[in-house]
Amino acid sequence: MERYIETALKATKHSTPGQSEFYQAVKEVLISLEPLLKAEPKYAHYNIVERIVIPDRQIIFRVPWIDDAGKIRSNIGYRIQFSNSIGPYKGGLRFHPSVNLSIIKFLGFEQIFKNSLTGLAIGGGKGGSDFDPKGKSEGEIMRFCQSFMIELSKYIGETIDVPAGDIGVGGREIGFMFGTYKRLTNHYEGILTGKGLNWGGSLVRTEATGFGSVYFAENILNKRGETINGKICTVSGSGNVAIYTIQKLHELGAIPVTCSDSKGMIYDQNGIDLSLLKTIKEVNRQALTEYIKVHPNAKYIPIEAYPAGTNAVWSIPCFAAFPSATQNELGLEDIKILHKNDCQLVNEGANMPCTLEAIDFIVAHGIAFGPAKAANAGGVATSQLEMSQNASMQKWTFGEVDAKLQNIMKHIFDLSYDTSKEFQQEGNLLLGANIAGFRKVADSMIEQGVV
Ligand code: NDP
């Protein structure tokens with residue numbers, strides 16, 4: 001490894017003790033930048049790597065709220081404004097008990113390069129809270145969101161920072177936060193994306209990350225003279241990304257046979273029943289055990305029964321795997337099983353779902369790979385389309401937005417592919433995406449002086 005990269009990694013480890021997810025994300029990016037940094041000494045000259053791993057600012061705040069029993073509760077809120085070199089900060093909010101500074105920083109760091117890859121003018125940021133929405137009443141969720149926005153509103157704005165949803169934050173939570181912002185400021189502005197269709201939202205935003213992930217996979221396969229039509233696919237998760245990945249796979253004639261949540265997984269060899277899945281997860285917010293009540297021939301495996309150190313979703317033979325739940329959900333043992341079962345493609349719908357060891361295995365064995373920064377960028381890209389519609393007071397049709405999304409995913413694929421070729425690693429989309437995403441941000445930093 002280049003000494004410059006090694007030094008930067010050591011410095012990051014030293015300055016961010018215990019932030020293992022953040023360090024993992026930084027390591028993945030920096031290692032793949034090696035050929036660029038060798039070819040272009042200006043990035044070392046301007047100390048870009050040392051600068052880009054430090055957020056512009058980290059905002060950490062208390063979120064006090066009152067539960068249904070009248071008791072005062074408190075959680076930690078975060079907003080990491082990582083880089084606004086190419087546009088206002090943009091990135092989701094995650095509400096999940098596992099949230100901590102390391103997780104929000106890893107997500108914010110990835111977001112810089114993902115947003116750059118879209119070709120749109122959006123910088124990188126991320127936020128959230130360790131608040132657990134599970135088991136909370138509608139009133140508790142609303143009071144939490146209101147309190148969260150009372151603090152967050154001081155730092156966001158349509159040309160400053162525009163948050164969106166992520167794990168645990170969907171249309172309902174965005175609505176509660178938007179309503180609070182409006183009351184606090186008396187401004188009707190596009191300060192959040194993922195809004196309801198009646199009040200500034202964009203068609204396709206709900207579907208965008210899942211649809212975009214499958215469009216990206218189709219680009220990879222088309223380059224190899226293949227298509228997803230007729231292929232068995234496995235998907236993890238059963239949230240926003242997973243549901244619309246499953247929908248698009250069905251629409252393109254593939255057979256998605258799995259989905260999962262934090263308690264277990266479903267294997268339905270006839271193909272996941274999409275409308276049932278939507279009812280269970282989007283309408284009733286229930287666990288996946290409900291699925292087998294309607295389809296007793298499907299198999300449910302609870303998480304306690306997963307073989308140690310593995311995720312049972314990846315034990316199901318498939319042509320393509322779409323990890324779409326959370327970080328580090330596909331490890332070395334999982335990819336070995338997928339490879340043994342002749343899996344041809346791993347396409348990351350979630351952020352950083354594959355461990356570094358799994359990625360090394362994927363690259364070493366020539367398995368096609370859609371890296372998260374590229375493959376799941378459809379969500380944030382469509383968020384930017386929502387911002388454009390808000391700013392110009394227009395409303396585009398479903399078909400118009402979907403066509404733009406497909407073009408953006410093709411652009412991201414072509415850019416990543418061409419960049420991998422430029423650095424003599426044709427088809428290594430991880431390297432191509434990281435270099436292409438980094439280069440635009442780094443050049444902007446140089447042009448903007450000491451920032
Ligand atoms: P949702 O909250 O809608 O769904 C998350 C899903 O993953 C749920 O099925 C949840 O299960 C499961 N899950 C969450 N944490 C764990 C865990 N620790 N172990 C096992 N399962 C888990 O989130 P999204 O679908 O929006 O996000 C999924 C991933 O995609 C995340 O990595 C996110 O950062 C990424 N992403 C999302 C985008 C978006 O537009 N929404 C854009 C780009 C990336 P349960 O229901 O039991 O909690």
# chains A, B, ... in the order shown; residues from 1 in each chain; ligands from 1
call {"tool": "residues_near_ligand", "arguments": {"ligand": "ligand 1", "cutoff": "6 Å", "atoms": "only C-alpha atoms and all ligand atoms", "output": "PyMOL selection string"}}
result
chain A and resi 165-168+209+237-242+260-263+324-327+349-351+376+379
call {"tool": "select_by_dssp", "arguments": {"residues": "range 27-65 of chain A", "states": "alpha helix (DSSP H)", "output": "VMD selection string"}}
result
chain A and resid 27 to 32 34 to 39 42 to 45 48 to 52
call {"tool": "atom_distance", "arguments": {"atom1": "CA of Pro64 in chain A", "atom2": "CA of Gly157 in chain A"}}
result
22.8 Å
call {"tool": "residues_around", "arguments": {"residues": "Pro317 in chain A", "least_positions_apart": "5", "cutoff": "8 Å", "atoms": "only C-alpha atoms", "output": "tab-separated table (two decimals) with N, CA and C atoms, in the first residue's frame"}}
result
chain	number	residue	atom	x	y	z
A	232	ILE	N	-33.09	-16.53	-10.53
A	232	ILE	CA	-33.40	-16.58	-9.10
A	232	ILE	C	-32.54	-15.53	-8.38
A	338	LEU	N	-22.25	-18.41	-1.21
A	338	LEU	CA	-22.85	-17.89	-2.45
A	338	LEU	C	-22.03	-18.35	-3.66
A	341	ASN	N	-22.46	-21.88	-4.54
A	341	ASN	CA	-23.76	-22.07	-5.20
A	341	ASN	C	-23.85	-21.35	-6.55
A	342	ASP	N	-22.68	-20.89	-7.05
A	342	ASP	CA	-22.57	-20.30	-8.38
A	342	ASP	C	-23.27	-18.95	-8.53
A	343	CYS	N	-23.30	-18.17	-7.45
A	343	CYS	CA	-23.85	-16.82	-7.55
A	343	CYS	C	-22.94	-15.97	-8.46
call {"tool": "closest_atom_pairs", "arguments": {"of": "range 104-181 of chain A", "to": "range 25-37 of chain A", "cutoff": "9 Å", "atoms": "only C-alpha atoms", "output": "JSON lines"}}
result
{"residue": "A:Phe106", "atom": "CA", "partner": "A:Ala25", "partner_atom": "CA", "distance": 5.7}
{"residue": "A:Leu107", "atom": "CA", "partner": "A:Ala25", "partner_atom": "CA", "distance": 8.3}
{"residue": "A:Phe109", "atom": "CA", "partner": "A:Ala25", "partner_atom": "CA", "distance": 7.4}
{"residue": "A:Glu110", "atom": "CA", "partner": "A:Ala25", "partner_atom": "CA", "distance": 7.0}
call {"tool": "closest_residue", "arguments": {"among": "A:Gly139, A:Gly119, A:Gly437, A:Gly127", "to": "Leu405 in chain A", "atoms": "only C-alpha atoms"}}
result
A:Gly119
call {"tool": "closest_residue", "arguments": {"among": "A:Glu50, A:Glu400, A:Asp418, A:Glu40", "to": "Leu9 in chain A", "atoms": "only C-alpha atoms"}}
result
A:Glu50
call {"tool": "closest_residue", "arguments": {"among": "A:Ala287, A:Lys182, A:Lys248, A:Glu357", "to": "Trp199 in chain A", "atoms": "only C-alpha atoms"}}
result
A:Lys182
call {"tool": "closest_residue", "arguments": {"among": "A:Ile59, A:Ala39, A:Ser98, A:Ser129", "to": "Ile76 in chain A", "atoms": "only C-alpha atoms"}}
result
A:Ser129
call {"tool": "atom_distance", "arguments": {"atom1": "CA of Asp132 in chain A", "atom2": "CA of Tyr181 in chain A"}}
result
21.8 Å
call {"tool": "select_by_dssp", "arguments": {"residues": "range 46-161 of chain A", "states": "strand (DSSP E)", "output": "ChimeraX atom specification"}}
result
/A:57-66,72-83,89-95,123-129,161
call {"tool": "closest_residue", "arguments": {"among": "A:Pro88, A:Pro302, A:Pro256, A:Gly264", "to": "Ile191 in chain A", "atoms": "only C-alpha atoms"}}
result
A:Pro88
call {"tool": "decode", "arguments": {"residues": "range 192-236 of chain A", "atoms": "N, CA and C atoms", "output": "CSV table (one decimal), in the first residue's frame"}}
result
chain,number,residue,atom,x,y,z
A,192,LEU,N,-36.4,19.0,3.4
A,192,LEU,CA,-36.4,17.5,3.6
A,192,LEU,C,-36.8,16.9,2.2
A,193,THR,N,-36.3,15.7,1.9
A,193,THR,CA,-36.9,15.0,0.8
A,193,THR,C,-37.5,13.7,1.3
A,194,GLY,N,-38.3,13.1,0.4
A,194,GLY,CA,-39.1,11.9,0.8
A,194,GLY,C,-40.4,12.4,1.4
A,195,LYS,N,-40.8,13.6,0.9
A,195,LYS,CA,-42.1,14.2,1.5
A,195,LYS,C,-43.3,13.6,0.8
A,196,GLY,N,-44.4,13.8,1.4
A,196,GLY,CA,-45.7,13.2,0.9
A,196,GLY,C,-46.0,13.9,-0.5
A,197,LEU,N,-46.7,13.1,-1.3
A,197,LEU,CA,-47.0,13.6,-2.7
A,197,LEU,C,-47.9,14.9,-2.7
A,198,ASN,N,-48.7,15.1,-1.6
A,198,ASN,CA,-49.5,16.3,-1.6
A,198,ASN,C,-48.8,17.5,-1.2
A,199,TRP,N,-47.6,17.4,-0.6
A,199,TRP,CA,-46.9,18.5,0.0
A,199,TRP,C,-45.4,18.6,-0.4
A,200,GLY,N,-45.2,18.4,-1.7
A,200,GLY,CA,-43.8,18.7,-2.2
A,200,GLY,C,-43.0,17.4,-2.5
A,201,GLY,N,-43.6,16.2,-2.3
A,201,GLY,CA,-42.8,15.0,-2.6
A,201,GLY,C,-42.8,14.7,-4.1
A,202,SER,N,-41.9,13.8,-4.5
A,202,SER,CA,-41.7,13.5,-5.9
A,202,SER,C,-42.2,12.1,-6.1
A,203,LEU,N,-42.9,11.8,-7.2
A,203,LEU,CA,-43.2,10.5,-7.6
A,203,LEU,C,-41.9,9.7,-7.8
A,204,VAL,N,-41.9,8.4,-7.5
A,204,VAL,CA,-40.8,7.5,-7.7
A,204,VAL,C,-39.8,7.6,-6.5
A,205,ARG,N,-39.9,8.7,-5.6
A,205,ARG,CA,-38.9,8.7,-4.5
A,205,ARG,C,-39.0,7.5,-3.6
A,206,THR,N,-40.2,7.0,-3.4
A,206,THR,CA,-40.3,5.8,-2.5
A,206,THR,C,-39.7,4.6,-3.1
A,207,GLU,N,-39.8,4.5,-4.4
A,207,GLU,CA,-39.3,3.3,-5.1
A,207,GLU,C,-37.9,3.4,-5.5
A,208,ALA,N,-37.3,4.6,-5.4
A,208,ALA,CA,-36.1,4.9,-6.2
A,208,ALA,C,-34.9,4.1,-5.8
A,209,THR,N,-34.6,3.9,-4.5
A,209,THR,CA,-33.4,3.2,-4.2
A,209,THR,C,-33.4,1.7,-4.7
A,210,GLY,N,-34.6,1.1,-4.4
A,210,GLY,CA,-34.7,-0.3,-4.9
A,210,GLY,C,-34.8,-0.5,-6.4
A,211,PHE,N,-35.5,0.4,-7.1
A,211,PHE,CA,-35.6,0.4,-8.5
A,211,PHE,C,-34.2,0.6,-9.1
A,212,GLY,N,-33.5,1.7,-8.5
A,212,GLY,CA,-32.2,2.1,-9.0
A,212,GLY,C,-31.2,0.9,-8.9
A,213,SER,N,-31.3,0.2,-7.8
A,213,SER,CA,-30.4,-0.9,-7.5
A,213,SER,C,-30.5,-2.0,-8.6
A,214,VAL,N,-31.8,-2.3,-9.0
A,214,VAL,CA,-32.0,-3.3,-10.0
A,214,VAL,C,-31.6,-2.7,-11.4
A,215,TYR,N,-31.8,-1.4,-11.6
A,215,TYR,CA,-31.4,-0.9,-12.9
A,215,TYR,C,-29.8,-1.0,-13.0
A,216,PHE,N,-29.2,-0.7,-11.9
A,216,PHE,CA,-27.7,-0.8,-11.9
A,216,PHE,C,-27.2,-2.2,-12.2
A,217,ALA,N,-27.9,-3.2,-11.5
A,217,ALA,CA,-27.6,-4.6,-11.7
A,217,ALA,C,-27.8,-5.0,-13.2
A,218,GLU,N,-28.8,-4.5,-13.8
A,218,GLU,CA,-29.1,-4.8,-15.2
A,218,GLU,C,-28.0,-4.2,-16.1
A,219,ASN,N,-27.5,-3.0,-15.8
A,219,ASN,CA,-26.4,-2.4,-16.5
A,219,ASN,C,-25.1,-3.4,-16.5
A,220,ILE,N,-24.9,-3.9,-15.3
A,220,ILE,CA,-23.7,-4.8,-15.1
A,220,ILE,C,-23.9,-6.0,-16.0
A,221,LEU,N,-25.1,-6.6,-15.9
A,221,LEU,CA,-25.4,-7.8,-16.6
A,221,LEU,C,-25.4,-7.6,-18.1
A,222,ASN,N,-26.0,-6.5,-18.5
A,222,ASN,CA,-26.0,-6.3,-20.0
A,222,ASN,C,-24.6,-6.2,-20.6
A,223,LYS,N,-23.7,-5.6,-19.8
A,223,LYS,CA,-22.3,-5.5,-20.2
A,223,LYS,C,-21.7,-6.9,-20.4
A,224,ARG,N,-22.2,-7.9,-19.6
A,224,ARG,CA,-21.7,-9.2,-19.7
A,224,ARG,C,-22.5,-10.1,-20.7
A,225,GLY,N,-23.4,-9.4,-21.4
A,225,GLY,CA,-24.3,-10.1,-22.3
A,225,GLY,C,-25.4,-11.0,-21.6
A,226,GLU,N,-25.7,-10.6,-20.4
A,226,GLU,CA,-26.7,-11.3,-19.6
A,226,GLU,C,-27.9,-10.4,-19.3
A,227,THR,N,-28.9,-10.9,-18.7
A,227,THR,CA,-30.0,-10.1,-18.2
A,227,THR,C,-30.6,-10.8,-16.9
A,228,ILE,N,-31.3,-10.1,-16.2
A,228,ILE,CA,-31.9,-10.6,-14.9
A,228,ILE,C,-33.1,-11.5,-15.2
A,229,ASN,N,-33.7,-11.3,-16.3
A,229,ASN,CA,-34.9,-12.0,-16.7
A,229,ASN,C,-34.8,-13.5,-16.4
A,230,GLY,N,-35.7,-14.1,-15.6
A,230,GLY,CA,-35.8,-15.5,-15.4
A,230,GLY,C,-34.8,-16.0,-14.3
A,231,LYS,N,-34.1,-15.1,-13.7
A,231,LYS,CA,-33.0,-15.6,-12.7
A,231,LYS,C,-33.6,-15.6,-11.3
A,232,ILE,N,-33.1,-16.5,-10.5
A,232,ILE,CA,-33.4,-16.6,-9.1
A,232,ILE,C,-32.5,-15.5,-8.4
A,233,CYS,N,-33.2,-14.7,-7.6
A,233,CYS,CA,-32.4,-13.7,-6.8
A,233,CYS,C,-32.7,-13.8,-5.3
A,234,THR,N,-31.8,-13.5,-4.5
A,234,THR,CA,-32.0,-13.4,-3.1
A,234,THR,C,-31.9,-11.9,-2.6
A,235,VAL,N,-32.8,-11.5,-1.7
A,235,VAL,CA,-32.8,-10.2,-1.2
A,235,VAL,C,-32.8,-10.2,0.3
A,236,SER,N,-32.1,-9.4,1.0
A,236,SER,CA,-32.2,-9.3,2.4
A,236,SER,C,-32.9,-8.0,2.8
